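File shown here: work-v4.cif, holding mmCIF, C-alpha atoms.
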```cif
data_run
#
loop_
_atom_site.label_atom_id
_atom_site.label_comp_id
_atom_site.auth_asym_id
_atom_site.auth_seq_id
_atom_site.Cartn_x
_atom_site.Cartn_y
_atom_site.Cartn_z
CA MET T 1 97.82 79.07 115.11
CA ILE T 2 100.94 77.52 113.55
CA SER T 3 98.92 75.88 110.78
CA THR T 4 97.21 79.19 110.05
CA LEU T 5 100.56 80.97 109.78
CA LEU T 6 101.90 78.24 107.51
CA ASN T 7 98.82 78.43 105.30
CA ASP T 8 99.17 82.21 105.05
CA SER T 9 102.87 81.88 104.26
CA VAL T 10 102.30 79.26 101.57
CA LYS T 11 99.44 81.29 100.11
CA ALA T 12 101.54 84.46 100.03
CA THR T 13 104.44 82.63 98.34
CA GLY T 14 102.13 81.20 95.70
CA LEU T 15 100.35 84.49 95.07
CA GLY T 16 103.66 86.32 94.85
CA ALA T 17 105.02 83.90 92.27
CA LEU T 18 101.77 84.00 90.29
CA MET T 19 101.58 87.80 90.22
CA LYS T 20 105.24 88.11 89.23
CA GLY T 21 104.52 85.76 86.35
CA VAL T 22 101.53 87.83 85.30
CA GLY T 23 103.71 90.91 85.50
CA MET T 24 106.19 89.41 83.06
CA VAL T 25 103.32 89.06 80.59
CA THR T 26 101.65 92.43 81.17
CA ARG T 27 104.85 94.40 80.60
CA PHE T 28 104.65 93.40 76.94
CA ILE T 29 101.05 94.60 76.48
CA PRO T 30 101.16 97.78 74.38
CA ILE T 31 99.64 100.76 76.18
CA PRO T 32 98.98 103.84 74.06
CA GLN T 33 99.99 107.26 75.32
CA PRO T 34 97.92 110.35 74.60
CA THR T 35 99.30 113.47 72.99
CA LEU T 36 99.75 115.92 75.87
CA LEU T 37 99.07 119.65 75.66
CA VAL T 38 100.47 121.42 78.73
CA GLY T 39 100.12 124.91 80.17
CA PRO T 40 97.57 127.70 80.63
CA GLY T 41 95.13 127.75 77.72
CA SER T 42 95.80 124.15 76.70
CA SER T 43 92.10 123.24 77.02
CA ALA T 44 91.36 125.72 74.22
CA ARG T 45 94.18 124.27 72.13
CA LEU T 46 92.70 120.81 72.60
CA GLY T 47 89.36 122.15 71.40
CA GLN T 48 91.03 123.56 68.29
CA ALA T 49 92.65 120.20 67.58
CA VAL T 50 89.51 118.13 68.16
CA ALA T 51 87.46 120.45 65.97
CA GLY T 52 89.72 119.54 63.08
CA PHE T 53 89.27 115.78 63.45
CA GLY T 54 85.94 115.68 61.62
CA HIS T 55 83.67 114.26 64.32
CA SER T 56 79.96 114.56 63.59
CA LYS T 57 79.09 115.52 67.17
CA ILE T 58 81.12 115.51 70.39
CA LEU T 59 79.75 114.60 73.81
CA ILE T 60 81.32 116.60 76.65
CA VAL T 61 81.03 114.66 79.90
CA THR T 62 81.36 116.75 83.06
CA ASP T 63 79.63 117.75 86.29
CA SER T 64 77.18 120.56 86.99
CA ILE T 65 79.61 122.61 89.10
CA ILE T 66 82.20 122.79 86.32
CA ALA T 67 79.48 123.74 83.86
CA LYS T 68 78.14 126.50 86.16
CA LEU T 69 81.62 127.90 86.82
CA GLY T 70 82.15 128.40 83.09
CA LEU T 71 85.29 126.27 82.96
CA LEU T 72 84.10 124.68 79.71
CA LYS T 73 84.10 127.99 77.83
CA PRO T 74 87.65 127.96 76.40
CA LEU T 75 87.07 124.45 75.08
CA THR T 76 83.57 125.02 73.72
CA ASP T 77 84.50 128.37 72.15
CA ALA T 78 87.35 126.64 70.33
CA LEU T 79 85.05 123.82 69.17
CA THR T 80 82.51 126.32 67.88
CA ALA T 81 85.17 128.40 66.13
CA GLY T 82 86.40 125.22 64.43
CA GLY T 83 82.91 124.32 63.22
CA ALA T 84 82.47 121.31 65.51
CA GLN T 85 79.10 120.38 67.01
CA TYR T 86 78.87 119.31 70.64
CA VAL T 87 76.43 118.54 73.44
CA VAL T 88 77.07 118.61 77.18
CA PHE T 89 76.17 115.86 79.66
CA ASP T 90 76.80 117.57 83.00
CA ALA T 91 75.15 115.10 85.38
CA ILE T 92 78.31 113.35 86.64
CA THR T 93 78.52 112.86 90.40
CA PRO T 94 81.38 111.57 92.58
CA ASP T 95 81.88 107.82 92.15
CA ALA T 96 79.58 107.82 89.14
CA PRO T 97 77.10 104.93 89.65
CA ILE T 98 75.88 102.44 87.06
CA PRO T 99 72.44 104.09 86.54
CA LEU T 100 74.13 107.43 85.77
CA ILE T 101 76.52 105.81 83.29
CA GLU T 102 73.51 104.21 81.60
CA LYS T 103 71.92 107.67 81.25
CA GLY T 104 75.14 108.91 79.68
CA ILE T 105 75.09 106.03 77.18
CA GLU T 106 71.52 106.90 76.15
CA PHE T 107 72.41 110.60 75.92
CA PHE T 108 75.31 109.76 73.61
CA LYS T 109 73.11 107.65 71.34
CA THR T 110 70.13 110.03 71.34
CA HIS T 111 72.30 112.95 70.19
CA GLY T 112 74.16 110.99 67.53
CA CYS T 113 77.61 111.53 69.02
CA ASP T 114 80.77 109.82 67.82
CA ALA T 115 83.44 111.08 70.27
CA ILE T 116 83.77 112.14 73.91
CA VAL T 117 85.64 114.89 75.73
CA ALA T 118 86.02 113.96 79.41
CA PHE T 119 86.18 117.23 81.33
CA GLY T 120 86.62 117.22 85.10
CA GLY T 121 87.92 115.08 87.90
CA GLY T 122 88.36 111.34 88.09
CA SER T 123 84.64 110.59 88.07
CA SER T 124 84.12 112.41 84.77
CA MET T 125 87.11 110.62 83.28
CA ASP T 126 85.99 107.20 84.46
CA ALA T 127 82.39 107.77 83.39
CA SER T 128 83.56 108.85 79.94
CA LYS T 129 85.64 105.70 79.52
CA ALA T 130 82.76 103.48 80.62
CA ILE T 131 80.36 105.23 78.23
CA ALA T 132 82.85 105.04 75.36
CA LEU T 133 83.34 101.30 75.80
CA ALA T 134 79.70 100.44 76.51
CA VAL T 135 78.39 102.33 73.47
CA LYS T 136 80.35 100.00 71.19
CA ASN T 137 79.83 96.90 73.36
CA PRO T 138 76.15 96.94 74.34
CA LYS T 139 75.93 94.68 77.35
CA PRO T 140 75.41 95.25 81.11
CA LEU T 141 78.19 97.32 82.65
CA ARG T 142 78.91 94.62 85.22
CA GLN T 143 79.87 92.34 82.33
CA LEU T 144 82.45 94.87 81.15
CA ALA T 145 84.21 94.87 84.55
CA GLY T 146 87.61 93.21 84.52
CA TYR T 147 90.27 92.97 81.84
CA LEU T 148 89.54 93.41 78.12
CA LYS T 149 85.84 92.48 78.27
CA GLY T 150 84.84 94.58 75.26
CA LEU T 151 85.06 92.99 71.81
CA HIS T 152 84.89 96.28 69.90
CA ASN T 153 87.02 99.42 70.17
CA PRO T 154 85.50 102.22 72.28
CA VAL T 155 84.71 105.56 70.69
CA LYS T 156 87.52 108.12 70.75
CA ILE T 157 88.07 109.94 74.03
CA TYR T 158 89.83 113.25 74.68
CA ALA T 159 90.51 114.46 78.23
CA VAL T 160 90.76 117.69 80.19
CA PRO T 161 91.45 116.97 83.88
CA THR T 162 90.51 119.68 86.36
CA THR T 163 92.21 118.04 89.35
CA ALA T 164 95.77 116.82 89.80
CA GLY T 165 95.27 113.40 91.26
CA THR T 166 93.71 110.52 89.39
CA GLY T 167 95.91 110.50 86.29
CA SER T 168 92.90 109.06 84.46
CA GLU T 169 93.76 111.08 81.37
CA VAL T 170 96.53 108.54 80.64
CA THR T 171 95.32 105.32 82.27
CA VAL T 172 93.73 102.11 81.01
CA ALA T 173 91.15 101.80 83.79
CA ALA T 174 87.72 103.17 84.68
CA VAL T 175 86.32 102.82 88.20
CA ILE T 176 82.57 103.21 88.65
CA SER T 177 80.29 102.39 91.56
CA ASP T 178 77.68 99.66 91.85
CA PRO T 179 75.18 101.02 94.38
CA GLU T 180 73.15 97.82 94.40
CA ARG T 181 76.14 95.81 95.62
CA GLN T 182 77.83 98.68 97.48
CA SER T 183 81.05 98.06 95.60
CA LYS T 184 83.28 99.45 92.87
CA LEU T 185 83.63 98.04 89.35
CA VAL T 186 87.01 98.31 87.67
CA ILE T 187 87.00 98.18 83.86
CA VAL T 188 90.44 97.75 82.29
CA ASP T 189 91.17 98.11 78.59
CA PRO T 190 94.18 99.85 76.98
CA ARG T 191 91.92 101.06 74.18
CA MET T 192 90.18 103.40 76.65
CA VAL T 193 93.26 105.60 77.01
CA PRO T 194 92.35 109.07 75.70
CA LYS T 195 93.87 110.10 72.37
CA MET T 196 94.78 113.59 73.58
CA ALA T 197 94.80 115.34 76.95
CA ALA T 198 95.14 118.96 78.03
CA LEU T 199 96.87 119.73 81.35
CA ASP T 200 95.60 123.26 81.89
CA PRO T 201 96.60 124.65 85.31
CA ALA T 202 94.31 127.63 84.83
CA LEU T 203 91.37 125.27 85.35
CA MET T 204 92.74 124.14 88.72
CA THR T 205 93.41 127.44 90.49
CA GLY T 206 89.94 127.54 92.03
CA LEU T 207 90.12 124.10 93.65
CA PRO T 208 89.41 124.21 97.40
CA PRO T 209 92.43 123.34 99.57
CA HIS T 210 90.92 120.08 100.88
CA ILE T 211 90.38 118.80 97.33
CA THR T 212 93.89 119.89 96.33
CA ALA T 213 95.21 117.94 99.31
CA ALA T 214 93.25 114.72 98.75
CA THR T 215 93.85 114.60 95.00
CA GLY T 216 97.53 115.37 95.49
CA ILE T 217 97.96 112.46 97.90
CA ASP T 218 96.00 110.31 95.46
CA ALA T 219 98.70 111.01 92.86
CA LEU T 220 101.39 110.32 95.45
CA THR T 221 99.74 106.98 96.25
CA HIS T 222 99.73 106.02 92.57
CA ALA T 223 103.43 106.78 92.28
CA ILE T 224 104.44 105.01 95.49
CA GLU T 225 102.39 101.86 94.92
CA ALA T 226 103.68 101.61 91.35
CA PHE T 227 107.27 101.99 92.59
CA VAL T 228 107.17 99.48 95.45
CA GLY T 229 105.09 96.78 93.72
CA ASN T 230 106.39 93.73 91.91
CA TRP T 231 105.49 94.86 88.37
CA SER T 232 107.76 97.89 88.28
CA THR T 233 109.87 98.54 85.19
CA ALA T 234 112.62 101.03 84.42
CA TYR T 235 109.98 103.17 82.69
CA SER T 236 107.44 103.05 85.52
CA ASP T 237 110.19 103.69 88.08
CA GLY T 238 111.31 106.81 86.24
CA MET T 239 107.78 108.15 86.04
CA ALA T 240 107.02 107.30 89.67
CA LEU T 241 110.18 108.94 91.00
CA SER T 242 109.56 112.06 88.92
CA ALA T 243 106.02 112.27 90.28
CA VAL T 244 107.16 111.88 93.90
CA GLY T 245 109.77 114.60 93.49
CA LEU T 246 107.28 117.02 91.95
CA ILE T 247 104.63 116.31 94.59
CA PHE T 248 106.92 116.88 97.54
CA GLU T 249 108.17 120.10 95.94
CA ASN T 250 104.80 121.52 94.91
CA LEU T 251 101.79 120.06 96.75
CA ARG T 252 102.13 122.19 99.87
CA LEU T 253 102.50 125.28 97.67
CA ALA T 254 99.42 124.41 95.58
CA TYR T 255 97.53 123.79 98.83
CA THR T 256 98.43 127.12 100.45
CA GLN T 257 98.57 129.23 97.25
CA GLY T 258 95.81 127.88 95.06
CA ASP T 259 96.35 130.48 92.35
CA ASN T 260 100.02 129.57 91.85
CA LEU T 261 100.02 128.49 88.20
CA GLU T 262 103.52 127.04 88.29
CA ALA T 263 102.75 124.80 91.27
CA ARG T 264 99.42 123.77 89.71
CA GLU T 265 101.10 122.89 86.41
CA LYS T 266 103.79 120.83 88.11
CA MET T 267 101.15 118.99 90.16
CA ALA T 268 99.22 118.28 86.94
CA LEU T 269 102.39 116.83 85.43
CA ALA T 270 103.04 114.81 88.61
CA SER T 271 99.54 113.34 88.42
CA THR T 272 100.07 112.39 84.78
CA TYR T 273 103.50 110.88 85.46
CA ALA T 274 102.03 108.86 88.32
CA GLY T 275 99.27 107.76 85.95
CA PHE T 276 101.87 106.54 83.46
CA ALA T 277 103.64 104.68 86.29
CA PHE T 278 100.68 102.79 87.73
CA THR T 279 99.16 102.08 84.33
CA ARG T 280 102.23 99.93 83.69
CA ALA T 281 103.08 98.78 87.25
CA ASN T 282 99.61 98.78 88.91
CA VAL T 283 98.73 99.65 92.50
CA GLY T 284 98.30 97.77 95.81
CA TYR T 285 96.52 97.44 99.14
CA VAL T 286 95.96 101.18 99.60
CA HIS T 287 93.76 101.19 96.54
CA ALA T 288 92.17 97.84 97.34
CA ILE T 289 91.02 99.17 100.71
CA ALA T 290 90.13 102.64 99.41
CA HIS T 291 87.84 101.12 96.78
CA GLN T 292 85.90 99.35 99.55
CA PHE T 293 85.54 102.62 101.48
CA GLY T 294 84.24 104.28 98.34
CA GLY T 295 81.76 101.51 97.61
CA LYS T 296 80.46 101.23 101.18
CA TYR T 297 80.60 104.81 102.45
CA HIS T 298 81.01 106.90 99.26
CA THR T 299 84.31 108.20 100.63
CA PRO T 300 86.09 110.34 98.01
CA HIS T 301 88.78 108.16 96.48
CA GLY T 302 91.66 110.56 97.09
CA LEU T 303 90.73 110.98 100.75
CA ALA T 304 90.44 107.21 101.25
CA ASN T 305 93.89 106.73 99.71
CA ALA T 306 95.35 109.54 101.80
CA ILE T 307 94.08 108.00 105.05
CA MET T 308 95.32 104.50 104.24
CA LEU T 309 98.67 105.32 102.59
CA PRO T 310 100.74 105.81 105.79
CA ILE T 311 99.15 102.77 107.47
CA VAL T 312 99.76 100.38 104.58
CA LEU T 313 103.28 101.72 103.95
CA LYS T 314 104.28 101.00 107.54
CA TYR T 315 103.03 97.42 107.19
CA SER T 316 104.82 96.91 103.87
CA SER T 317 108.06 98.63 104.92
CA PRO T 318 110.06 95.51 105.96
CA ALA T 319 109.74 94.21 102.39
CA ILE T 320 110.48 97.51 100.62
CA THR T 321 113.22 99.20 102.66
CA GLU T 322 115.51 99.84 99.69
CA ARG T 323 112.64 101.22 97.61
CA LEU T 324 111.52 103.54 100.40
CA ALA T 325 115.11 104.74 100.69
CA GLN T 326 115.12 105.69 97.00
CA LEU T 327 111.82 107.54 97.48
CA ALA T 328 113.31 109.45 100.42
CA LEU T 329 116.17 110.66 98.24
CA ARG T 330 113.83 111.76 95.45
CA ALA T 331 111.58 113.53 97.96
CA LYS T 332 114.69 115.25 99.35
CA VAL T 333 114.04 114.16 102.92
CA GLY T 334 117.36 112.34 103.30
CA THR T 335 120.90 112.20 101.94
CA GLU T 336 122.92 109.51 100.20
CA ASP T 337 125.32 109.11 103.12
CA GLU T 338 122.50 107.72 105.29
CA ASP T 339 121.77 103.98 105.39
CA SER T 340 118.69 102.48 103.79
CA GLU T 341 116.81 101.83 107.02
CA MET T 342 117.24 105.43 108.16
CA LEU T 343 116.17 106.75 104.75
CA ALA T 344 113.15 104.44 104.68
CA GLN T 345 112.04 105.70 108.09
CA LYS T 346 112.55 109.30 106.99
CA PHE T 347 110.27 108.72 104.02
CA LEU T 348 107.57 107.17 106.21
CA ASP T 349 107.87 110.16 108.54
CA ALA T 350 107.73 112.55 105.58
CA VAL T 351 104.47 111.04 104.33
CA ASP T 352 102.99 111.41 107.83
CA GLN T 353 104.15 115.03 107.98
CA LEU T 354 102.80 115.83 104.53
CA ASN T 355 99.38 114.49 105.54
CA ARG T 356 99.48 116.59 108.70
CA ASP T 357 100.45 119.72 106.79
CA LEU T 358 97.53 119.13 104.40
CA LYS T 359 95.13 118.47 107.29
CA ILE T 360 94.37 114.94 106.08
CA PRO T 361 92.50 113.08 108.84
CA THR T 362 94.11 110.01 110.37
CA TYR T 363 90.81 108.13 110.48
CA LEU T 364 87.64 107.58 108.46
CA GLU T 365 84.66 108.97 110.33
CA ALA T 366 82.16 106.63 108.63
CA LEU T 367 84.10 103.42 109.34
CA LYS T 368 82.34 100.93 111.62
CA GLU T 369 83.90 98.01 113.46
CA SER T 370 81.10 95.70 112.33
CA ASP T 371 81.91 96.42 108.65
CA ILE T 372 85.61 95.62 108.89
CA PRO T 373 85.55 91.84 108.22
CA ALA T 374 83.59 92.29 104.96
CA LEU T 375 85.72 95.25 103.90
CA ALA T 376 88.92 93.30 104.53
CA LYS T 377 87.64 90.24 102.68
CA ALA T 378 86.76 92.32 99.61
CA ALA T 379 90.04 94.26 99.76
CA CYS T 380 92.10 91.08 99.97
CA HIS T 381 90.21 89.56 97.06
CA GLU T 382 90.82 92.65 94.93
CA ALA T 383 94.50 92.86 95.83
CA HIS T 384 95.26 89.16 95.55
CA THR T 385 93.57 88.75 92.18
CA GLY T 386 94.87 91.88 90.54
CA TYR T 387 97.70 93.71 92.27
CA PRO T 388 101.44 92.90 92.58
CA VAL T 389 101.70 93.81 96.26
CA PRO T 390 105.17 93.62 97.86
CA ARG T 391 104.00 92.05 101.15
CA TYR T 392 100.84 90.01 101.46
CA MET T 393 98.17 90.34 104.15
CA SER T 394 95.97 87.63 105.56
CA GLN T 395 92.32 88.42 106.22
CA THR T 396 93.13 88.95 109.91
CA VAL T 397 96.06 91.26 109.18
CA CYS T 398 93.98 93.29 106.73
CA GLU T 399 91.27 93.69 109.35
CA GLY T 400 93.89 95.04 111.74
CA ILE T 401 95.18 97.46 109.11
CA ILE T 402 91.68 98.80 108.42
CA ARG T 403 90.95 98.97 112.15
CA GLN T 404 93.70 101.58 112.49
CA ALA T 405 91.47 103.94 110.49
CA LEU T 406 88.56 103.71 112.94
CA PRO T 407 87.46 107.03 114.44
CA PRO T 408 88.73 107.43 118.03
CA SER T 409 85.39 106.67 119.71
CA ALA T 410 84.85 103.49 117.66
CA ALA T 411 88.47 102.41 118.08
CA LYS T 412 88.18 102.68 121.86
CA ALA T 413 84.93 100.72 121.89
CA SER T 414 86.43 97.96 119.72
CA LYS T 415 89.27 97.22 122.16
CA PRO T 416 88.51 94.38 124.60
CA ALA T 417 88.84 95.10 128.29
CA ALA T 418 92.15 94.23 129.95
CA GLY T 419 90.57 91.36 131.87
CA THR T 420 89.13 89.93 128.69
CA ARG T 421 92.52 90.08 126.98
CA LYS T 422 94.13 88.25 129.91
CA LYS T 423 91.48 85.53 129.84
CA LYS T 424 91.97 85.07 126.08
CA ALA T 425 95.72 84.91 126.52
CA ALA T 426 95.38 82.33 129.26
CA ALA T 427 93.01 80.26 127.16
CA ALA T 428 95.41 80.40 124.20
CA ALA T 429 98.27 79.27 126.41
#
```
Have the structure of the file written as structure tokens, please.
Amino acid sequence: MISTLLNDSVKATGLGALMKGVGMVTRFIPIPQPTLLVGPGSSARLGQAVAGFGHSKILIVTDSIIAKLGLLKPLTDALTAGGAQYVVFDAITPDAPIPLIEKGIEFFKTHGCDAIVAFGGGSSMDASKAIALAVKNPKPLRQLAGYLKGLHNPVKIYAVPTTAGTGSEVTVAAVISDPERQSKLVIVDPRMVPKMAALDPALMTGLPPHITAATGIDALTHAIEAFVGNWSTAYSDGMALSAVGLIFENLRLAYTQGDNLEAREKMALASTYAGFAFTRANVGYVHAIAHQFGGKYHTPHGLANAIMLPIVLKYSSPAITERLAQLALRAKVGTEDEDSEMLAQKFLDAVDQLNRDLKIPTYLEALKESDIPALAKAACHEAHTGYPVPRYMSQTVCEGIIRQALPPSAAKASKPAAGTRKKKAAAAA
């Protein structure tokens, strides 16, 4: 036991030093920022702008529901009025899988396109980025996973998000699913950042409350993990704190009053600010675990983040007390005359309460005890090789963290009987 603890401690110290060193390098990598158009009707204004850029044909990447609801019309009307040609690929599904991305690549080539408008939620954004990079770097998508694996610049991307959560309209990453391996692929390249994005709250008023809730907590997770991680900068801190303030002020309102344009616009801005923050400062264990849930069970990413955020925050809290205190002040759940420990606890409580108010479940119905070791192993690998987490987990600790998300029936079944626990304790002694 002692040797195991020592090994974990040494490993954590080494990983922490390594990731801090990587962070010192990454903060100097230039990350482009898109031109932002904000407010009702901004999707049409983006169409007007793109029509003037002289593209031969534009591929609009979206899903069938958005197409059927007519949400594309302001954009496509503006493109047509500006003399631009376009085609629509509306086959995107949640957690867009490799075979679907490959169909999108062929669609792009067949129709002679030279630019992409990503229109929709995170899956449409991520699919668009993967298509844009793969078109110019023709090799298997698995070989594009990781950092800067494309030799050539991707085609130009423009973005119109229809949810306030992923922040993908301003980020360097694309996450797609690998159904064969039941995992997620993360492609990272600053050149995939869209050139222009429209934050149009009018497109978000029809979102169902449960999607508003999950995507809103997704944005909150981005902001928090960027703020408490070891790659934070003054810039990322400012963006993260702004996002947290806006989310605590507006998410409940957007959830209960879906047609409130002001709340929707502020949530769209919060999502974008959080995207700016984690693009520079990265994320942590919440995302590492959520990606495994998505790959294994096809759990919507925002929901997976929302379930795991309170659990991981409680584990990390001893290492981030001062940071949690700052978040409490920005969320307006505490006052400056309170000490850091009290403020930190108030923020943890506020996240729990926000999840309750939004009817976020405390467990993942699909999670199975037998899957936990493999999920934890993959999550630790992802976090330890890519994320500047503030407090490291061993494989065993990560399994325990994930186990807290078991549904009640499975959680009860996974607990050993009292007699068994006593026998194990006696044997250990």
Quick one: residues within 9 Å of Ala405 of chain T, all atoms listed in the file counted, chain neighbours fewer than 4 positions away excluded, as a PyMOL selection string?
chain T and resi 307-308+311+362-365+367+401+411
Just C-alpha atoms for this one: save the residues we selected as a compact mmCIF listing (two decimals), in the frame of the given file.
```txt
# COMPACT_ATOMS: atom_id res chain seq x y z
CA ILE T 307 94.08 108.00 105.05
CA MET T 308 95.32 104.50 104.24
CA ILE T 311 99.15 102.77 107.47
CA THR T 362 94.11 110.01 110.37
CA TYR T 363 90.81 108.13 110.48
CA LEU T 364 87.64 107.58 108.46
CA GLU T 365 84.66 108.97 110.33
CA LEU T 367 84.10 103.42 109.34
CA ILE T 401 95.18 97.46 109.11
CA ALA T 411 88.47 102.41 118.08
```
Nearby residues (all atoms listed in the file) at most 10 Å from Cys380 of chain T, same-chain spacing under 2 positions excluded, as a PDB file with C-alpha atoms, in the coordinates of the input:
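What ended up in selection-v2.pdb:
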```
ATOM      1  CA  TYR T 285      96.520  97.440  99.140  1.00  0.00           C
ATOM      2  CA  ALA T 288      92.170  97.840  97.340  1.00  0.00           C
ATOM      3  CA  ILE T 289      91.020  99.170 100.710  1.00  0.00           C
ATOM      4  CA  ALA T 374      83.590  92.290 104.960  1.00  0.00           C
ATOM      5  CA  LEU T 375      85.720  95.250 103.900  1.00  0.00           C
ATOM      6  CA  ALA T 376      88.920  93.300 104.530  1.00  0.00           C
ATOM      7  CA  LYS T 377      87.640  90.240 102.680  1.00  0.00           C
ATOM      8  CA  ALA T 378      86.760  92.320  99.610  1.00  0.00           C
ATOM      9  CA  GLU T 382      90.820  92.650  94.930  1.00  0.00           C
ATOM     10  CA  ALA T 383      94.500  92.860  95.830  1.00  0.00           C
ATOM     11  CA  HIS T 384      95.260  89.160  95.550  1.00  0.00           C
ATOM     12  CA  THR T 385      93.570  88.750  92.180  1.00  0.00           C
ATOM     13  CA  GLY T 386      94.870  91.880  90.540  1.00  0.00           C
ATOM     14  CA  TYR T 387      97.700  93.710  92.270  1.00  0.00           C
ATOM     15  CA  TYR T 392     100.840  90.010 101.460  1.00  0.00           C
ATOM     16  CA  MET T 393      98.170  90.340 104.150  1.00  0.00           C
ATOM     17  CA  SER T 394      95.970  87.630 105.560  1.00  0.00           C
ATOM     18  CA  GLN T 395      92.320  88.420 106.220  1.00  0.00           C
ATOM     19  CA  CYS T 398      93.980  93.290 106.730  1.00  0.00           C
ATOM     20  CA  GLU T 399      91.270  93.690 109.350  1.00  0.00           C
TER      21      GLU T 399
END
```
Can you pull out the residues contacting Ala173 of chain T? Cut-off 12 Å, using all atoms listed in the file, and skip same-chain residues under 3 positions away; I want them as an MDAnalysis selection string.
chainID T and resid 31 122:123 125:130 133 144:148 166:170 176 185:194 275:276 278:280 282:283
Preceding selection exported with C-alpha atoms as an mmCIF file, keeping the file's coordinate frame:
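Contents of out31.cif, as written:
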```
data_model
loop_
_atom_site.group_PDB
_atom_site.id
_atom_site.type_symbol
_atom_site.label_atom_id
_atom_site.label_comp_id
_atom_site.auth_asym_id
_atom_site.auth_seq_id
_atom_site.Cartn_x
_atom_site.Cartn_y
_atom_site.Cartn_z
ATOM 1 C CA ILE T 31 99.640 100.760 76.180
ATOM 2 C CA GLY T 122 88.360 111.340 88.090
ATOM 3 C CA SER T 123 84.640 110.590 88.070
ATOM 4 C CA MET T 125 87.110 110.620 83.280
ATOM 5 C CA ASP T 126 85.990 107.200 84.460
ATOM 6 C CA ALA T 127 82.390 107.770 83.390
ATOM 7 C CA SER T 128 83.560 108.850 79.940
ATOM 8 C CA LYS T 129 85.640 105.700 79.520
ATOM 9 C CA ALA T 130 82.760 103.480 80.620
ATOM 10 C CA LEU T 133 83.340 101.300 75.800
ATOM 11 C CA LEU T 144 82.450 94.870 81.150
ATOM 12 C CA ALA T 145 84.210 94.870 84.550
ATOM 13 C CA GLY T 146 87.610 93.210 84.520
ATOM 14 C CA TYR T 147 90.270 92.970 81.840
ATOM 15 C CA LEU T 148 89.540 93.410 78.120
ATOM 16 C CA THR T 166 93.710 110.520 89.390
ATOM 17 C CA GLY T 167 95.910 110.500 86.290
ATOM 18 C CA SER T 168 92.900 109.060 84.460
ATOM 19 C CA GLU T 169 93.760 111.080 81.370
ATOM 20 C CA VAL T 170 96.530 108.540 80.640
ATOM 21 C CA ILE T 176 82.570 103.210 88.650
ATOM 22 C CA LEU T 185 83.630 98.040 89.350
ATOM 23 C CA VAL T 186 87.010 98.310 87.670
ATOM 24 C CA ILE T 187 87.000 98.180 83.860
ATOM 25 C CA VAL T 188 90.440 97.750 82.290
ATOM 26 C CA ASP T 189 91.170 98.110 78.590
ATOM 27 C CA PRO T 190 94.180 99.850 76.980
ATOM 28 C CA ARG T 191 91.920 101.060 74.180
ATOM 29 C CA MET T 192 90.180 103.400 76.650
ATOM 30 C CA VAL T 193 93.260 105.600 77.010
ATOM 31 C CA PRO T 194 92.350 109.070 75.700
ATOM 32 C CA GLY T 275 99.270 107.760 85.950
ATOM 33 C CA PHE T 276 101.870 106.540 83.460
ATOM 34 C CA PHE T 278 100.680 102.790 87.730
ATOM 35 C CA THR T 279 99.160 102.080 84.330
ATOM 36 C CA ARG T 280 102.230 99.930 83.690
ATOM 37 C CA ASN T 282 99.610 98.780 88.910
ATOM 38 C CA VAL T 283 98.730 99.650 92.500
#
```
Per residue of segment 124-176 of chain T within 12 Å of segment 244-255 of chain T, record the nearest atom pair and its distance in Å to one decimal, counting all atoms listed in the file, with rows in chain order and ascending residue number, as a tab-separated table.
```
residue	atom	partner	partner_atom	distance
T:Thr163	CA	T:Ala254	CA	11.5
T:Ala164	CA	T:Leu251	CA	9.7
T:Gly165	CA	T:Ile247	CA	10.4
```
So that I have them on file, write out the residues from the current selection with C-alpha atoms, as a JSON list (two decimals), in the frame of the given file.
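This went into out22.json:
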```json
[["chain", "number", "residue", "atom", "x", "y", "z"],
["T", 163, "THR", "CA", 92.21, 118.04, 89.35],
["T", 164, "ALA", "CA", 95.77, 116.82, 89.80],
["T", 165, "GLY", "CA", 95.27, 113.40, 91.26]]
```
Judged by only C-alpha atoms, the minimum distance to Leu303 of chain T among T:Pro154, T:Gly238, T:Gly216, T:Gly52 is found for T:Gly216
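Across the chains present, the PyMOL selection byres ((chain T and resi 391) around 10) applied to this file returns T:Ala12, T:Thr13, T:Gly16, T:Val228, T:Gly229, T:Asn230, T:Gly284, T:Tyr285, T:Val312, T:Tyr315, T:Ser316, T:Ser317, T:Pro318, T:Ala319, T:Ile320, T:Pro388, T:Val389, T:Pro390, T:Tyr392, T:Met393.
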Nearest to Lys359 of chain T by atom-to-atom distance, counting all atoms listed in the file, from T:Val50, T:Leu71, T:Ala134, T:Ala214:
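For Lys359 of chain T, the nearest of the given residues is T:Ala214.
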Go ahead and compute the interatomic distance for atom CA of Trp231 of chain T and atom CA of Ile29 of chain T, in Å to one decimal.
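Straight-line distance from atom CA of Trp231 of chain T to atom CA of Ile29 of chain T works out to 12.7 Å.
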Can you work out the spacing between atom CA of Ala274 of chain T and atom CA of Ala234 of chain T in Å, to one decimal?
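According to the coordinates, atom CA of Ala274 of chain T and atom CA of Ala234 of chain T are separated by 13.7 Å.
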Output the residue selection produced by the PyMOL selection byres ((chain T and resi 261) around 10) on the file above, formatted as a PyMOL selection string.
chain T and resi 39-40+200-205+254+257-260+262-267
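Non-sequential neighbours of Phe89 of chain T (distance at most 10 Å, separation of 6 or more positions within a chain, only C-alpha atoms) are Leu59, Ile60, Val61, Thr62, Asp63, Ser64, Ala67, Lys103, Gly104, Phe107 and Phe108 of chain T.
Ranking T:Ile402, T:Leu354, T:Leu37, T:Leu329 by their shortest atom-to-atom distance to Thr272 of chain T, with only C-alpha atoms included, puts T:Leu37 first.
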